[in-house]
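Shown next: my_file.cif, given as mmCIF, C-alpha atoms and all ligand atoms.
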```
data_structure
#
loop_
_atom_site.label_atom_id
_atom_site.label_comp_id
_atom_site.auth_asym_id
_atom_site.auth_seq_id
_atom_site.Cartn_x
_atom_site.Cartn_y
_atom_site.Cartn_z
CA MET I 1 -21.79 -31.00 37.90
CA CYS I 2 -22.51 -29.20 34.66
CA ILE I 3 -24.90 -26.26 34.99
CA LEU I 4 -24.75 -24.91 31.47
CA LYS I 5 -24.24 -26.70 28.19
CA VAL I 6 -23.59 -24.59 25.11
CA ASP I 7 -23.61 -26.58 21.93
CA ASN I 8 -22.50 -25.51 18.46
CA ILE I 9 -23.76 -21.92 18.59
CA HIS I 10 -23.79 -20.03 15.31
CA LYS I 11 -24.78 -16.41 14.99
CA SER I 12 -24.67 -13.96 12.15
CA PHE I 13 -25.83 -10.37 11.89
CA GLN I 14 -27.21 -8.68 8.85
CA GLU I 15 -27.01 -4.89 8.81
CA ASN I 16 -29.93 -4.54 6.39
CA PHE I 17 -31.89 -6.50 3.85
CA PHE I 18 -29.34 -5.89 1.06
CA SER I 19 -26.09 -6.54 2.89
CA SER I 20 -24.72 -10.04 3.21
CA PRO I 21 -24.83 -11.64 6.67
CA PHE I 22 -21.77 -11.28 8.84
CA GLN I 23 -20.93 -14.40 10.80
CA VAL I 24 -19.75 -13.72 14.34
CA LEU I 25 -20.07 -17.14 15.99
CA LYS I 26 -19.24 -20.23 13.95
CA GLY I 27 -19.84 -23.13 16.28
CA VAL I 28 -19.13 -22.40 19.93
CA SER I 29 -19.44 -25.28 22.39
CA PHE I 30 -18.52 -25.62 26.04
CA ARG I 31 -19.85 -26.75 29.39
CA LEU I 32 -19.78 -24.74 32.55
CA GLU I 33 -19.13 -26.70 35.73
CA GLU I 34 -20.68 -25.78 39.04
CA GLY I 35 -18.25 -23.91 41.29
CA SER I 36 -15.84 -22.99 38.49
CA ILE I 37 -14.35 -19.56 37.91
CA THR I 38 -13.91 -19.05 34.20
CA GLY I 39 -12.47 -16.17 32.24
CA PHE I 40 -14.06 -15.68 28.87
CA LEU I 41 -11.31 -14.31 26.71
CA GLY I 42 -11.50 -12.81 23.25
CA ALA I 43 -10.31 -9.75 21.36
CA ASN I 44 -12.59 -6.75 20.99
CA GLY I 45 -15.30 -7.66 18.52
CA ALA I 46 -14.70 -11.41 18.87
CA GLY I 47 -18.32 -11.99 19.86
CA LYS I 48 -18.17 -12.26 23.66
CA THR I 49 -21.14 -9.99 24.33
CA THR I 50 -23.08 -11.70 21.55
CA LEU I 51 -22.48 -15.13 23.10
CA ILE I 52 -23.42 -13.92 26.57
CA LYS I 53 -26.66 -12.44 25.23
CA ILE I 54 -27.44 -15.76 23.54
CA ILE I 55 -26.70 -17.73 26.71
CA LEU I 56 -29.08 -15.47 28.63
CA GLN I 57 -31.69 -15.74 25.86
CA PHE I 58 -31.76 -11.99 25.22
CA ILE I 59 -31.13 -12.63 21.52
CA SER I 60 -31.54 -15.82 19.55
CA GLN I 61 -28.93 -17.89 17.77
CA ASN I 62 -29.12 -19.09 14.17
CA GLU I 63 -28.06 -22.57 15.11
CA GLY I 64 -27.11 -24.58 18.19
CA GLN I 65 -28.40 -25.03 21.70
CA VAL I 66 -28.15 -23.55 25.18
CA GLN I 67 -29.17 -25.92 27.93
CA TRP I 68 -29.43 -24.97 31.60
CA SER I 69 -29.36 -27.42 34.46
CA PRO I 70 -32.93 -28.66 35.08
CA ARG I 71 -32.40 -27.40 38.61
CA PHE I 72 -32.63 -23.82 37.26
CA GLY I 73 -36.24 -24.39 36.16
CA ASP I 74 -37.64 -23.95 32.70
CA SER I 75 -39.06 -20.44 32.40
CA HIS I 76 -36.71 -17.59 31.55
CA ARG I 77 -37.65 -15.89 34.78
CA MET I 78 -36.81 -18.96 36.87
CA ILE I 79 -33.48 -19.40 35.11
CA MET I 80 -32.60 -15.73 35.64
CA SER I 81 -33.36 -15.97 39.35
CA HIS I 82 -30.26 -18.21 39.66
CA ILE I 83 -28.08 -15.81 37.69
CA GLY I 84 -26.51 -12.48 38.50
CA PHE I 85 -25.81 -10.64 35.28
CA PHE I 86 -23.73 -7.49 34.94
CA PRO I 87 -23.89 -6.11 31.40
CA GLU I 88 -21.11 -4.41 29.50
CA ARG I 89 -23.05 -1.14 29.35
CA PRO I 90 -25.28 -1.03 32.40
CA TYR I 91 -27.98 1.59 32.73
CA PHE I 92 -28.44 3.46 35.98
CA HIS I 93 -31.28 5.84 36.78
CA PRO I 94 -29.18 8.94 37.46
CA HIS I 95 -31.64 10.68 39.77
CA LEU I 96 -31.94 7.81 42.22
CA THR I 97 -29.51 7.40 45.06
CA GLY I 98 -27.40 4.26 45.05
CA ARG I 99 -29.55 2.81 47.80
CA GLU I 100 -32.80 3.57 45.99
CA PHE I 101 -31.41 1.93 42.86
CA LEU I 102 -30.42 -1.22 44.76
CA ASP I 103 -33.80 -1.30 46.45
CA TYR I 104 -35.48 -1.07 43.06
CA MET I 105 -33.29 -3.84 41.60
CA GLY I 106 -33.95 -6.06 44.61
CA LYS I 107 -37.71 -5.57 44.28
CA LEU I 108 -37.47 -6.39 40.57
CA SER I 109 -36.06 -9.78 41.56
CA GLY I 110 -38.95 -10.27 43.96
CA MET I 111 -36.99 -9.80 47.19
CA ARG I 112 -38.48 -8.67 50.49
CA SER I 113 -37.38 -5.27 51.83
CA MET I 114 -35.77 -6.91 54.87
CA ASP I 115 -33.63 -9.19 52.73
CA ILE I 116 -32.69 -6.33 50.43
CA LYS I 117 -31.40 -4.38 53.43
CA VAL I 118 -29.26 -7.25 54.63
CA GLN I 119 -27.81 -7.95 51.20
CA VAL I 120 -27.13 -4.28 50.42
CA LYS I 121 -25.27 -3.95 53.66
CA SER I 122 -23.08 -6.97 53.16
CA PHE I 123 -22.33 -6.56 49.44
CA SER I 124 -21.82 -2.79 49.51
CA ALA I 125 -19.25 -3.26 52.27
CA MET I 126 -17.57 -5.98 50.26
CA LEU I 127 -17.40 -3.75 47.19
CA ASN I 128 -16.43 -0.63 49.06
CA ILE I 129 -19.38 1.50 47.98
CA ALA I 130 -21.38 1.69 51.23
CA TYR I 131 -20.13 5.23 51.89
CA ALA I 132 -21.78 6.60 48.73
CA LEU I 133 -25.16 4.85 48.82
CA ASP I 134 -27.10 7.93 49.90
CA ARG I 135 -25.74 10.10 47.12
CA LYS I 136 -27.39 10.52 43.73
CA ILE I 137 -25.97 8.24 41.06
CA LEU I 138 -25.54 11.32 38.87
CA GLY I 139 -22.36 12.19 40.74
CA TYR I 140 -20.79 8.70 40.75
CA SER I 141 -17.45 8.11 39.05
CA LYS I 142 -16.98 5.22 36.59
CA GLY I 143 -15.46 3.06 39.33
CA MET I 144 -18.34 3.82 41.71
CA LEU I 145 -20.88 2.96 39.00
CA GLN I 146 -19.09 -0.31 38.39
CA ARG I 147 -19.23 -1.14 42.10
CA LEU I 148 -22.90 -0.25 42.35
CA GLY I 149 -23.67 -2.30 39.23
CA PHE I 150 -21.80 -5.22 40.69
CA VAL I 151 -23.84 -5.06 43.92
CA SER I 152 -27.08 -4.80 41.95
CA ALA I 153 -26.14 -7.91 39.94
CA ILE I 154 -25.59 -10.06 43.02
CA ILE I 155 -28.19 -8.59 45.37
CA HIS I 156 -30.46 -11.65 45.08
CA ASP I 157 -27.49 -13.87 45.99
CA PRO I 158 -27.50 -15.89 42.75
CA GLU I 159 -25.35 -19.00 42.42
CA LEU I 160 -24.02 -18.12 38.97
CA LEU I 161 -22.49 -14.74 38.15
CA ILE I 162 -22.12 -13.72 34.53
CA PHE I 163 -20.22 -10.48 34.08
CA ASP I 164 -19.48 -8.86 30.75
CA GLU I 165 -16.18 -6.96 30.97
CA PRO I 166 -16.50 -6.15 34.68
CA LEU I 167 -12.98 -4.75 34.85
CA ALA I 168 -13.23 -2.46 31.83
CA GLY I 169 -12.62 1.17 32.59
CA LEU I 170 -11.34 0.62 36.12
CA ASP I 171 -8.02 1.94 37.33
CA PRO I 172 -5.34 -0.57 38.42
CA ILE I 173 -6.41 -0.45 42.07
CA GLY I 174 -10.06 -0.91 41.15
CA ARG I 175 -9.16 -3.87 38.91
CA GLN I 176 -7.20 -5.45 41.73
CA GLU I 177 -10.07 -4.98 44.19
CA PHE I 178 -12.58 -6.45 41.76
CA LYS I 179 -10.40 -9.48 41.17
CA VAL I 180 -10.17 -10.04 44.91
CA VAL I 181 -13.97 -9.80 45.22
CA LEU I 182 -14.45 -12.24 42.35
CA LYS I 183 -12.14 -14.70 44.08
CA GLN I 184 -13.96 -14.21 47.40
CA LEU I 185 -17.29 -14.94 45.75
CA HIS I 186 -15.78 -18.00 44.11
CA ASN I 187 -14.54 -19.17 47.51
CA ARG I 188 -18.08 -18.80 48.81
CA GLY I 189 -19.13 -21.36 46.24
CA LYS I 190 -20.39 -19.13 43.44
CA THR I 191 -19.89 -20.14 39.85
CA ILE I 192 -18.32 -17.25 37.99
CA PHE I 193 -18.08 -16.55 34.28
CA PHE I 194 -16.69 -13.22 33.18
CA SER I 195 -15.48 -11.83 29.92
CA SER I 196 -12.39 -9.77 29.34
CA HIS I 197 -10.02 -8.98 26.50
CA ILE I 198 -7.13 -8.66 28.96
CA VAL I 199 -5.22 -11.91 29.40
CA PRO I 200 -3.36 -11.13 32.65
CA ASP I 201 -6.64 -10.24 34.40
CA ILE I 202 -8.05 -13.64 33.57
CA GLU I 203 -4.81 -15.41 34.41
CA GLU I 204 -4.83 -13.78 37.82
CA ALA I 205 -8.47 -14.21 38.80
CA CYS I 206 -9.53 -17.47 37.14
CA GLU I 207 -8.88 -21.18 37.24
CA ASP I 208 -10.36 -21.89 33.82
CA VAL I 209 -10.36 -20.02 30.56
CA LEU I 210 -12.62 -20.14 27.54
CA VAL I 211 -10.90 -18.58 24.56
CA LEU I 212 -13.07 -17.29 21.73
CA ASP I 213 -11.18 -16.85 18.50
CA SER I 214 -12.30 -16.66 14.87
CA GLY I 215 -15.86 -17.41 15.96
CA THR I 216 -15.10 -20.68 17.72
CA SER I 217 -14.24 -21.88 21.20
CA PHE I 218 -10.52 -22.13 20.65
CA TYR I 219 -9.65 -23.55 24.09
CA HIS I 220 -11.63 -24.33 27.20
CA GLY I 221 -10.04 -25.72 30.29
CA SER I 222 -7.69 -25.21 33.17
CA ILE I 223 -5.22 -22.33 32.88
CA ASP I 224 -2.66 -24.21 34.97
CA HIS I 225 -2.88 -27.20 32.68
CA LEU I 226 -2.40 -25.03 29.60
CA LEU I 227 0.64 -23.34 31.14
CA LYS I 228 2.17 -26.66 32.24
CA GLN I 229 1.76 -28.13 28.77
CA ASN I 230 3.64 -25.18 27.39
CA GLU I 231 6.22 -24.91 30.12
CA LYS I 232 9.59 -23.56 29.14
CA ASP I 233 12.85 -25.42 29.67
CA GLY I 234 14.78 -22.31 30.52
CA TYR I 235 16.12 -20.87 33.77
CA HIS I 236 16.75 -17.41 34.95
CA ILE I 237 19.86 -17.05 37.02
CA ARG I 238 21.23 -14.20 39.13
CA PHE I 239 24.90 -14.27 40.13
CA ARG I 240 28.00 -12.30 41.05
CA LYS I 241 31.45 -12.75 39.62
CA LYS I 242 33.94 -13.49 42.40
CA GLY I 243 35.57 -10.34 43.73
CA ASN I 244 32.95 -8.10 42.13
CA GLU I 245 29.86 -6.67 43.85
CA ARG I 246 27.87 -6.23 40.67
CA GLU I 247 24.88 -8.50 40.01
CA TYR I 248 24.40 -10.22 36.68
CA ILE I 249 21.39 -11.92 35.16
CA GLU I 250 21.55 -14.64 32.58
CA ASN I 251 19.00 -16.85 30.83
CA ILE I 252 20.02 -20.45 30.55
CA ALA I 253 18.26 -22.66 28.05
CA SER I 254 18.28 -26.10 29.71
CA ALA I 255 18.93 -28.10 32.88
CA PRO I 256 22.33 -29.53 31.75
CA LEU I 257 23.60 -26.05 30.90
CA LEU I 258 22.37 -24.86 34.27
CA SER I 259 24.24 -27.57 36.17
CA SER I 260 27.50 -26.81 34.42
CA PHE I 261 27.02 -23.10 35.11
CA ILE I 262 26.47 -23.75 38.80
CA GLN I 263 29.73 -25.71 38.97
CA ARG I 264 31.76 -22.77 37.74
CA GLN I 265 34.32 -21.62 40.31
CA ASP I 266 34.38 -17.97 39.27
CA VAL I 267 30.73 -17.18 40.03
CA GLU I 268 28.63 -16.92 43.14
CA ILE I 269 24.97 -17.82 42.52
CA ILE I 270 22.35 -15.56 44.10
CA SER I 271 19.21 -17.24 42.80
CA VAL I 272 17.87 -19.58 40.17
CA ALA I 273 14.28 -19.51 38.93
CA LYS I 274 12.50 -21.46 36.26
CA ASP I 275 11.28 -19.27 33.43
CA ARG I 276 7.61 -18.72 33.91
CA ILE I 277 5.32 -18.75 30.94
CA HIS I 278 2.30 -16.50 30.80
CA LEU I 279 -1.07 -17.26 29.36
CA GLU I 280 -0.74 -14.42 26.88
CA GLU I 281 2.30 -16.03 25.32
CA VAL I 282 0.69 -19.48 25.12
CA ILE I 283 -2.38 -18.16 23.38
CA TYR I 284 -0.36 -16.00 21.06
CA ARG I 285 1.94 -18.88 20.13
CA SER I 286 -0.87 -21.34 19.52
CA LYS I 287 -2.58 -18.84 17.26
CA ILE I 288 0.54 -18.57 15.14
CA ARG I 289 0.75 -22.36 14.92
CA LYS I 290 -2.82 -22.63 13.66
N1 LIG A 1 -26.93 -6.15 16.80
C1 LIG A 1 -25.87 -6.21 15.98
N2 LIG A 1 -25.98 -5.94 14.66
C2 LIG A 1 -24.92 -6.03 13.84
N3 LIG A 1 -23.69 -6.39 14.23
C3 LIG A 1 -23.50 -6.66 15.53
C4 LIG A 1 -24.57 -6.59 16.49
N4 LIG A 1 -24.09 -6.93 17.70
C5 LIG A 1 -22.77 -7.18 17.53
N5 LIG A 1 -22.42 -7.03 16.24
C6 LIG A 1 -21.08 -7.26 15.68
O1 LIG A 1 -20.65 -8.55 16.07
C7 LIG A 1 -19.27 -8.55 16.38
C8 LIG A 1 -19.08 -9.07 17.80
O2 LIG A 1 -19.55 -8.09 18.73
P1 LIG A 1 -19.52 -8.33 20.30
O3 LIG A 1 -20.24 -9.59 20.60
O4 LIG A 1 -20.03 -7.09 20.91
O5 LIG A 1 -17.96 -8.52 20.55
P2 LIG A 1 -17.13 -8.44 21.91
O6 LIG A 1 -18.10 -8.38 23.05
O7 LIG A 1 -16.28 -9.69 21.94
O8 LIG A 1 -16.28 -7.21 21.82
C9 LIG A 1 -18.79 -7.13 16.16
O9 LIG A 1 -18.21 -7.05 14.91
C10 LIG A 1 -20.04 -6.32 16.26
O10 LIG A 1 -19.93 -5.15 15.49
MG MG A 2 -18.34 -7.04 24.50
#
```

Rendering of file as structure tokens:
Amino acid sequence: MCILKVDNIHKSFQENFFSSPFQVLKGVSFRLEEGSITGFLGANGAGKTTLIKIILQFISQNEGQVQWSPRFGDSHRMIMSHIGFFPERPYFHPHLTGREFLDYMGKLSGMRSMDIKVQVKSFSAMLNIAYALDRKILGYSKGMLQRLGFVSAIIHDPELLIFDEPLAGLDPIGRQEFKVVLKQLHNRGKTIFFSSHIVPDIEEACEDVLVLDSGTSFYHGSIDHLLKQNEKDGYHIRFRKKGNEREYIENIASAPLLSSFIQRQDVEIISVAKDRIHLEEVIYRSKIRK
């Protein structure tokens, strides 16, 4: 079932009265399905944050429509109660402890103290930040802030999570952990939509991708499907030459060439693998074709 319908969004910014408007979004349309996990991909400055702000009604569009499932209610407050949002540049009150901050965020969403306690316990364990909750935020590292922000965004247990660059600024281990948590939340039935400019992160964590390019929704759909459509014919073969311990690697362009290679008497095959294509390459190639 569709929970969000974004239709033909246009947005331009004007620095001041005298400058000409600068068009960032030139007709973005897509639908978000319940239970999906979607990576929102676009280069820096492509307009990801702008689109997210429009979806959440923090800024208005020049043209086009954003429609939430009627189930989300009609006031902004009701809609937001179904959404966990983690902004690109979150603000934390530095003199609060992590726990005080989460308590404050929970109360802002109208939660009871008891429920806040339960949620803080479960999500801070999941995000590996429980150990630091009684310290002042002032002393948190970037990764710890990111974890705390993540917990604060999901404390009211929303069904849809919208994260703007949640992996930015994390080290490789932190990125890996976050991707695992995103997948876990998806497996618990959450709908997840997160932006990133890093293709492999999206390829690894998501099932669907929405690609924003030149102000439009360039592709929206299954990553698997996109990769299959662009599958390579080639093979990657590892072998030894008879009477020689050394390993060789060769790329073979097609199935017929592979079968004649395998029939050779002078080689011993170690392994054969189909060349795997990566999302990065598909997107790059289709942009050249355009
Ligand atoms: N309030 C604003 N006023 C003027 N220009 C803006 C404003 N917000 C964003 N922009 C411009 O719009 C473009 C898209 O920005 P943004 O949505 O932040 O991109 P992304 O999140 O994909 O990196 C950028 O060129 C940015 O400078
Ligand atoms: Mg951004």

Legend entry - Near-I:Thr191 list (7 Å; only C-alpha atoms; drop same-chain fewer than 3 positions) as a PyMOL selection string: chain I and resi 34-37+159-161+186

Legend entry - Best match for closeness to I:Asn8 among I:Ser286, I:Ser75, I:Asn44, I:Ser217, counting only C-alpha atoms: I:Ser217

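Taking atom CA of I:Trp68 and atom CA of I:Glu204 as the two end points, the separation is 27.7 Å.
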
Inset, instruction - Excluding I:Gly143 and any residue of its chain fewer than 6 positions from it, enumerate the residues within 8 Å of it, using only C-alpha atoms, and give them as a ChimeraX atom specification. - result: /I:169-171,174

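Considering all atoms listed in the file, every residue of the polymer chains approaching ligand LIG 1 (chain A) to 8 Å or closer is listed here: Ser12, Phe13, Gln14, Glu15, Phe22, Gln23, Val24, Gly42, Ala43, Asn44, Gly45, Ala46, Gly47, Lys48, Thr49, Thr50, Leu51, Asp164 and His197 of chain I.
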